[in-house]
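Worksheet: one structure, shown below.
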Amino acid sequence: MVRDLLIRGMLAGVVASLLAFGVAKIYGEPQVDRAIAFEGRHARADASAQAPADAQISAQQHQHGDEALVSRKVQSTAGLLTAVAVYGAAMGGLFALAFAFLYGRVGDLSPRLLALLLAIATFVAIYYVPSLKYPASPPAVGEPDTIAYRTGLFFLMILISLGGLVFAVAASRRLAPRYGSLSAMLIGAGLFAAVVVIAQLVLPDINEVPADFPAIVLWKFRMASLAIQVLMWATLGLMFGWLAERVLGGRRAVVRPKLSSA
Amino acid sequence: MAKAVTAPVSPPIAIPVREILPWLIFAVLLLMMIYFVGVEEGATSIFPGMYVHEFVHDGRHLLGFPCH
């Protein structure tokens, strides 16, 4: 049972990632290219300003040009597809395991409805909310020296957001018998929002966007990142729900047709 | 007089936790997959060099991970 769900989760994740790759390729790649062109212009400007030796050292720290370890062509095709597909398959598998645990434990939800709600909740908790604090950034944005610090904060924000959501859903379910399901849901939403707002205020800001980086490229890059994740989770939720219904179809308590005699 | 409910509505049966637990080893593998796409040769490194980082570079940026 769990094995069947896990396989289907990973499968749905791969299919979702193929659609996401389409958006990444068509809408995301042009922004990555523009950001790298900006980086290149800066590197050249720095090189003419500094001693040539220093410029060479800074150019070696991270290579995007033709001399890079992996060519831009491979990065933007096979590399991008691999990254998105591995991410999709892994998220699909984790999604299926979470689904296997939640099914039958969070009320009377059909496999399709549970999968859809879980996909929306996961998207919000692990991508959307964290991205409001630490948004996706194109090349040329971000100091290489602070990568460990930024990565730590990024995952901390995901953990807080995910933990906040689990806490809010658990609290909401516990309060439902007393306040009714709508009020309980609103209280849960309020709790989640409170956790998120506190994290937003307490965690440090990261601002490493170069002063003259084009705002429109940054915006379009972030919209592309958002579109990739929306498409990924929407496809995963819908497709996995459809597949899971076929695995779990008969898994309901047997209830004989009610015979009511007045 | 007698009315049969055609679609019996009954609560879904949860999968026992003991059936799910052995599969959690896969969760570790799946998290490792995400690590290689999102973090390897960035904040931390398992393999020397920058090949993995450079190969998944565009995906890492577009999926929202801090890259460099």
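Ordered as shown in the structure tokens, chains take letters A, B, and onward, while each chain numbers its residues from 1 and ligands are numbered from 1 in the order shown.
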Kindly assemble as a tab-separated table a list of the chain B residues that lie within 12 Å of segment 6-30 of chain A, each paired with its nearest atom pair and their distance in Å to one decimal, using only C-alpha atoms, sorted first by chain and then by ascending residue number.
```
residue	atom	partner	partner_atom	distance
B:Ile20	CA	A:Leu6	CA	10.4
B:Trp23	CA	A:Leu6	CA	8.6
B:Leu24	CA	A:Leu6	CA	10.5
B:Phe26	CA	A:Leu6	CA	9.1
B:Ala27	CA	A:Leu6	CA	10.1
B:Leu30	CA	A:Met10	CA	9.7
B:His57	CA	A:Glu29	CA	11.4
B:Asp58	CA	A:Glu29	CA	7.7
B:Gly59	CA	A:Ala24	CA	8.1
B:Arg60	CA	A:Ala24	CA	11.2
B:His61	CA	A:Gly28	CA	9.6
B:Leu62	CA	A:Gly28	CA	6.9
B:Leu63	CA	A:Ala24	CA	9.1
B:Gly64	CA	A:Gly28	CA	11.7
```
Take the residues from that selection and put them in a file with C-alpha atoms, as a short mmCIF file (atom, residue, chain, number, x, y, z; two decimals), in the first residue's frame.
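Heads up, here's the output in part26.cif:
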```
data_model
loop_
_atom_site.label_atom_id
_atom_site.label_comp_id
_atom_site.auth_asym_id
_atom_site.auth_seq_id
_atom_site.Cartn_x
_atom_site.Cartn_y
_atom_site.Cartn_z
CA ILE B 20 4.45 3.34 7.05
CA TRP B 23 9.32 3.43 4.29
CA LEU B 24 10.65 6.38 6.22
CA PHE B 26 13.18 6.41 1.81
CA ALA B 27 12.43 9.83 3.23
CA LEU B 30 14.51 11.69 -0.90
CA HIS B 57 23.00 25.74 -11.24
CA ASP B 58 19.99 27.12 -13.12
CA GLY B 59 17.54 24.78 -11.43
CA ARG B 60 18.92 25.68 -8.00
CA HIS B 61 18.37 29.40 -8.66
CA LEU B 62 14.91 28.95 -10.17
CA LEU B 63 13.68 26.53 -7.48
CA GLY B 64 14.43 29.23 -4.92
#
```
Can I get the residues of chain B within 8 Å of chain A, each with the closest pair of atoms and their distance in Å to one decimal, using only C-alpha atoms, sorted chain first then ascending number, as CSV?
```
residue,atom,partner,partner_atom,distance
B:Met1,CA,A:Ser261,CA,6.0
B:Ala2,CA,A:Leu259,CA,5.4
B:Lys3,CA,A:Leu259,CA,5.6
B:Ala4,CA,A:Pro257,CA,5.4
B:Val5,CA,A:Pro257,CA,5.2
B:Thr6,CA,A:Pro257,CA,6.9
B:Pro8,CA,A:Val255,CA,6.1
B:Val9,CA,A:Val255,CA,7.4
B:Ser10,CA,A:Ala253,CA,5.8
B:Pro11,CA,A:Asp108,CA,5.3
B:Pro12,CA,A:Arg252,CA,4.5
B:Ile13,CA,A:Gly104,CA,5.1
B:Ala14,CA,A:Gly104,CA,4.1
B:Ile15,CA,A:Ala100,CA,6.6
B:Val17,CA,A:Phe101,CA,7.1
B:Glu19,CA,A:Val2,CA,7.2
B:Ile20,CA,A:Val2,CA,6.3
B:Trp23,CA,A:Val2,CA,7.5
B:Leu24,CA,A:Leu97,CA,7.7
B:Ala27,CA,A:Leu94,CA,6.1
B:Leu30,CA,A:Ala90,CA,4.7
B:Leu31,CA,A:Ala90,CA,6.9
B:Met33,CA,A:Ala90,CA,6.3
B:Ile34,CA,A:Tyr87,CA,5.6
B:Val37,CA,A:Ala83,CA,5.6
B:Val39,CA,A:Thr151,CA,7.8
B:Gly42,CA,A:Ile147,CA,6.8
B:Ala43,CA,A:Ala148,CA,4.3
B:Thr44,CA,A:Ala148,CA,7.4
B:Met50,CA,A:Leu69,CA,7.7
B:Tyr51,CA,A:Leu69,CA,6.7
B:Glu54,CA,A:Val70,CA,5.9
B:Phe55,CA,A:Gly79,CA,4.9
B:Val56,CA,A:Gly79,CA,4.9
B:His57,CA,A:Gln75,CA,6.4
B:Asp58,CA,A:Leu80,CA,5.6
B:Gly59,CA,A:Leu80,CA,4.7
B:Arg60,CA,A:Ala83,CA,7.0
B:His61,CA,A:Pro138,CA,5.9
B:Leu62,CA,A:Ser225,CA,5.0
B:Leu63,CA,A:Ser225,CA,5.9
B:Gly64,CA,A:Ala136,CA,4.0
B:Phe65,CA,A:Ala136,CA,6.4
B:Pro66,CA,A:Thr151,CA,5.8
B:Cys67,CA,A:Ile147,CA,7.1
B:His68,CA,A:Pro144,CA,4.7
```
Which of chain B DSSP labels alpha helix (DSSP H), written as an MDAnalysis selection string = chainID B and resid 17:20 24:38 51:55 57:62
Selected residues written out, C-alpha atoms, as a PDB file, in the first residue's frame:
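The result, written out as part32.pdb:
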```
ATOM      1  CA  VAL B  17       1.775   3.535  11.330  1.00  0.00           C
ATOM      2  CA  ARG B  18       3.755   0.253  11.514  1.00  0.00           C
ATOM      3  CA  GLU B  19       3.142  -0.166   7.768  1.00  0.00           C
ATOM      4  CA  ILE B  20       4.451   3.344   7.048  1.00  0.00           C
ATOM      5  CA  LEU B  24      10.654   6.381   6.217  1.00  0.00           C
ATOM      6  CA  ILE B  25      14.159   5.210   5.281  1.00  0.00           C
ATOM      7  CA  PHE B  26      13.176   6.407   1.811  1.00  0.00           C
ATOM      8  CA  ALA B  27      12.428   9.834   3.226  1.00  0.00           C
ATOM      9  CA  VAL B  28      16.129  10.124   4.074  1.00  0.00           C
ATOM     10  CA  LEU B  29      17.050   9.217   0.486  1.00  0.00           C
ATOM     11  CA  LEU B  30      14.510  11.691  -0.900  1.00  0.00           C
ATOM     12  CA  LEU B  31      15.845  14.449   1.338  1.00  0.00           C
ATOM     13  CA  MET B  32      19.352  13.634   0.073  1.00  0.00           C
ATOM     14  CA  MET B  33      18.087  14.118  -3.499  1.00  0.00           C
ATOM     15  CA  ILE B  34      16.791  17.566  -2.568  1.00  0.00           C
ATOM     16  CA  TYR B  35      20.104  18.305  -0.834  1.00  0.00           C
ATOM     17  CA  PHE B  36      22.069  17.571  -4.015  1.00  0.00           C
ATOM     18  CA  VAL B  37      19.837  19.829  -6.100  1.00  0.00           C
ATOM     19  CA  GLY B  38      19.630  22.619  -3.543  1.00  0.00           C
ATOM     20  CA  TYR B  51      30.659  20.062 -10.841  1.00  0.00           C
ATOM     21  CA  VAL B  52      27.333  19.219  -9.122  1.00  0.00           C
ATOM     22  CA  HIS B  53      26.790  22.896  -8.261  1.00  0.00           C
ATOM     23  CA  GLU B  54      27.491  24.020 -11.812  1.00  0.00           C
ATOM     24  CA  PHE B  55      25.373  21.258 -13.379  1.00  0.00           C
ATOM     25  CA  HIS B  57      23.002  25.738 -11.241  1.00  0.00           C
ATOM     26  CA  ASP B  58      19.988  27.123 -13.120  1.00  0.00           C
ATOM     27  CA  GLY B  59      17.536  24.776 -11.427  1.00  0.00           C
ATOM     28  CA  ARG B  60      18.922  25.683  -8.003  1.00  0.00           C
ATOM     29  CA  HIS B  61      18.366  29.399  -8.656  1.00  0.00           C
ATOM     30  CA  LEU B  62      14.908  28.951 -10.172  1.00  0.00           C
TER      31      LEU B  62
END
```
For the atom pair atom CA of Leu117 of chain A and atom CA of Pro22 of chain B, what is the interatomic distance in Å to one decimal place?
->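 Between these atoms lies a distance of 25.4 Å.
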Polymer residues at most 8 Å from segment 181-191 of chain A, only C-alpha atoms, same-chain spacing of 5 or more positions, as number ranges by chain | A: 164, 168-169, 171-173, 175-176
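Using only C-alpha atoms, the shortest contact distance between His42 of chain A and any of A:Leu243, A:Leu231, A:Leu162, A:Ala211 is found at A:Ala211.
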